[in-house]
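Student: Sending over a structure as structure tokens; questions will come in a sec.
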Amino acid sequence: MGKTTTTDVAAFIDALDHPLTPVIRALRALLLAVDPSIAEAVKWNASSFRTSGHFATMQLRRPDVVRLVLHLGAKKGGLPAGAIADPDGLLAWLAPDRALLEFRDAAELEARQAAVVALVRQGMALLP
């Protein structure tokens, strides 16, 4: 797969036929604003975000929710308990190295913005 540019990702999102495209755009903007070192690509038919490695990918399969998968590296045995503090209980753990956030509308994303940024920063810090 060739390198994907921010322009390519924008074009990908512009071409989406998804009822929650405004949420997708807002989540993308939020993630890119977390740190200037974050780059993006289209991976697994969705926007994916990386620094030294990919750490988050949107999942856009369902029309009623925008999902963000934090994939935190394939470490043997997964992450130690408490490696990511989640005081608001937003993460649904899919595996020891992968967690899920869900957003059903822009208001939900806006209300959780500070918590999402904190979770993303913690996930980025776990990258090798």
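Residues are referred to by chain and number: the chain letter is A, B, ... according to the order shown in the structure tokens, the number counts from 1 in that chain, and ligands are numbered separately from 1 in the order shown.
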Pick out each residue of range 10-112 of chain A that DSSP on the backbone tags as helix (DSSP H, G or I); I need them as number ranges by chain.
Tutor: A: 10-14, 21-34, 106-112
Student: Output the selection as a short mmCIF file (atom, residue, chain, number, x, y, z; two decimals), in the first residue's frame - C-alpha atoms for each residue.
Tutor:
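So the final result, stored in again19.cif, reads:
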data_model
loop_
_atom_site.label_atom_id
_atom_site.label_comp_id
_atom_site.auth_asym_id
_atom_site.auth_seq_id
_atom_site.Cartn_x
_atom_site.Cartn_y
_atom_site.Cartn_z
CA ALA A 10 -10.13 14.14 3.01
CA ALA A 11 -11.19 12.91 -0.44
CA PHE A 12 -12.04 9.49 1.03
CA ILE A 13 -14.26 11.11 3.67
CA ASP A 14 -15.86 13.44 1.11
CA THR A 21 -20.23 11.96 8.19
CA PRO A 22 -20.29 15.11 10.39
CA VAL A 23 -19.23 12.96 13.38
CA ILE A 24 -16.49 11.35 11.25
CA ARG A 25 -15.17 14.78 10.27
CA ALA A 26 -15.30 16.06 13.87
CA LEU A 27 -13.53 12.97 15.24
CA ARG A 28 -10.85 13.24 12.57
CA ALA A 29 -10.24 16.90 13.40
CA LEU A 30 -10.10 16.13 17.12
CA LEU A 31 -7.55 13.36 16.64
CA LEU A 32 -5.33 15.39 14.32
CA ALA A 33 -5.33 18.23 16.87
CA VAL A 34 -4.07 16.01 19.71
CA ALA A 106 -21.82 15.03 17.37
CA ALA A 107 -23.14 16.02 20.81
CA GLU A 108 -21.84 12.78 22.32
CA LEU A 109 -18.42 13.36 20.78
CA GLU A 110 -18.36 16.96 21.96
CA ALA A 111 -19.33 15.97 25.51
CA ARG A 112 -16.53 13.38 25.62
#
Student: Can you tell me, as number ranges by chain, which residues in chain A count as strand (DSSP E) by DSSP?
Tutor: A: 39-43, 46-50, 54-59, 66-71, 92-95, 98-103
Student: Looking at A:Ala115, A:Ala85, A:Ala39, A:Leu68, which one is nearest to His54 in chain A, with distances taken over only C-alpha atoms?
Tutor: A:Ala39
Student: Separation of CA of Leu127 in chain A and CA of Gly53 in chain A, in Å?
Tutor: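 Between CA of Leu127 in chain A and CA of Gly53 in chain A the gap works out to 6.7 Å.
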Student: Between A:Ser47, A:Ala83, A:His71, A:Leu20, which is the closest to Ala95 in chain A once you count only C-alpha atoms?
Tutor: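 The answer is A:His71, which sits nearest to Ala95 in chain A.
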Student: Can you measure CA of Ala99 in chain A to CA of Val69 in chain A for me? One decimal in Å is fine.
Tutor: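 We find that CA of Ala99 in chain A and CA of Val69 in chain A lie 5.7 Å from each other.
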Student: So which one's closest to Phe55 in chain A, A:His18, A:Arg121, A:Arg67, A:Arg104? Using only C-alpha atoms, please.
Tutor: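 Checking each of A:His18, A:Arg121, A:Arg67, A:Arg104 against Phe55 in chain A, counting only C-alpha atoms, the winner is A:Arg121.
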Student: I'd like the interatomic distance between CA of Asp86 in chain A and CA of Pro19 in chain A, to a tenth of an Å.
Tutor: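 These two atoms are separated by 28.6 Å.
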Student: What's around Trp44 in chain A at 12 Å? Count only C-alpha atoms, leave out sequence neighbours fewer than 5 positions away in its own chain, and write the answer as a PDB file with N, CA and C atoms, in the first residue's frame.
Tutor:
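Output contents, as saved in selection.pdb:
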ATOM      1  N   MET A   1       0.846  -1.176   0.000  1.00  0.00           N
ATOM      2  CA  MET A   1       0.000   0.000   0.000  1.00  0.00           C
ATOM      3  C   MET A   1       0.889   1.235   0.000  1.00  0.00           C
ATOM      4  N   PHE A  49      -4.838   6.525  12.153  1.00  0.00           N
ATOM      5  CA  PHE A  49      -3.943   7.558  12.672  1.00  0.00           C
ATOM      6  C   PHE A  49      -2.685   6.917  13.237  1.00  0.00           C
ATOM      7  N   HIS A  54       0.630   2.869  13.837  1.00  0.00           N
ATOM      8  CA  HIS A  54      -0.807   3.155  13.878  1.00  0.00           C
ATOM      9  C   HIS A  54      -1.319   2.890  15.287  1.00  0.00           C
ATOM     10  N   ALA A  56      -4.772   4.243  16.178  1.00  0.00           N
ATOM     11  CA  ALA A  56      -6.226   4.369  16.189  1.00  0.00           C
ATOM     12  C   ALA A  56      -6.765   4.289  14.767  1.00  0.00           C
ATOM     13  N   THR A  57      -7.886   3.604  14.626  1.00  0.00           N
ATOM     14  CA  THR A  57      -8.532   3.483  13.329  1.00  0.00           C
ATOM     15  C   THR A  57     -10.035   3.599  13.515  1.00  0.00           C
ATOM     16  N   MET A  58     -10.660   4.406  12.680  1.00  0.00           N
ATOM     17  CA  MET A  58     -12.121   4.485  12.713  1.00  0.00           C
ATOM     18  C   MET A  58     -12.691   3.201  12.124  1.00  0.00           C
ATOM     19  N   GLN A  59     -13.840   2.824  12.626  1.00  0.00           N
ATOM     20  CA  GLN A  59     -14.588   1.704  12.062  1.00  0.00           C
ATOM     21  C   GLN A  59     -15.934   2.271  11.631  1.00  0.00           C
ATOM     22  N   LEU A  60     -16.213   2.196  10.334  1.00  0.00           N
ATOM     23  CA  LEU A  60     -17.372   2.886   9.762  1.00  0.00           C
ATOM     24  C   LEU A  60     -18.394   1.925   9.165  1.00  0.00           C
ATOM     25  N   ARG A  61     -18.421   0.708   9.643  1.00  0.00           N
ATOM     26  CA  ARG A  61     -19.290  -0.311   9.048  1.00  0.00           C
ATOM     27  C   ARG A  61     -20.772  -0.117   9.351  1.00  0.00           C
ATOM     28  N   VAL A  69     -11.255   2.488  17.128  1.00  0.00           N
ATOM     29  CA  VAL A  69     -10.519   1.389  17.737  1.00  0.00           C
ATOM     30  C   VAL A  69      -9.138   1.911  18.095  1.00  0.00           C
TER      31      VAL A  69
END
Student: Hey, which of A:Val9, A:Val116, A:Val65, A:Ala92 ends up closest to Ser48 in chain A? Count only C-alpha atoms.
Tutor: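 Of all the options, A:Val9 lies closest to Ser48 in chain A.
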Student: May I ask which of the residues A:Asp35, A:Arg98, A:Pro63, A:Phe103 is the closest one to Arg50 in chain A, counting only C-alpha atoms?
Tutor: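 Closest to Arg50 in chain A, using only C-alpha atoms: A:Asp35.
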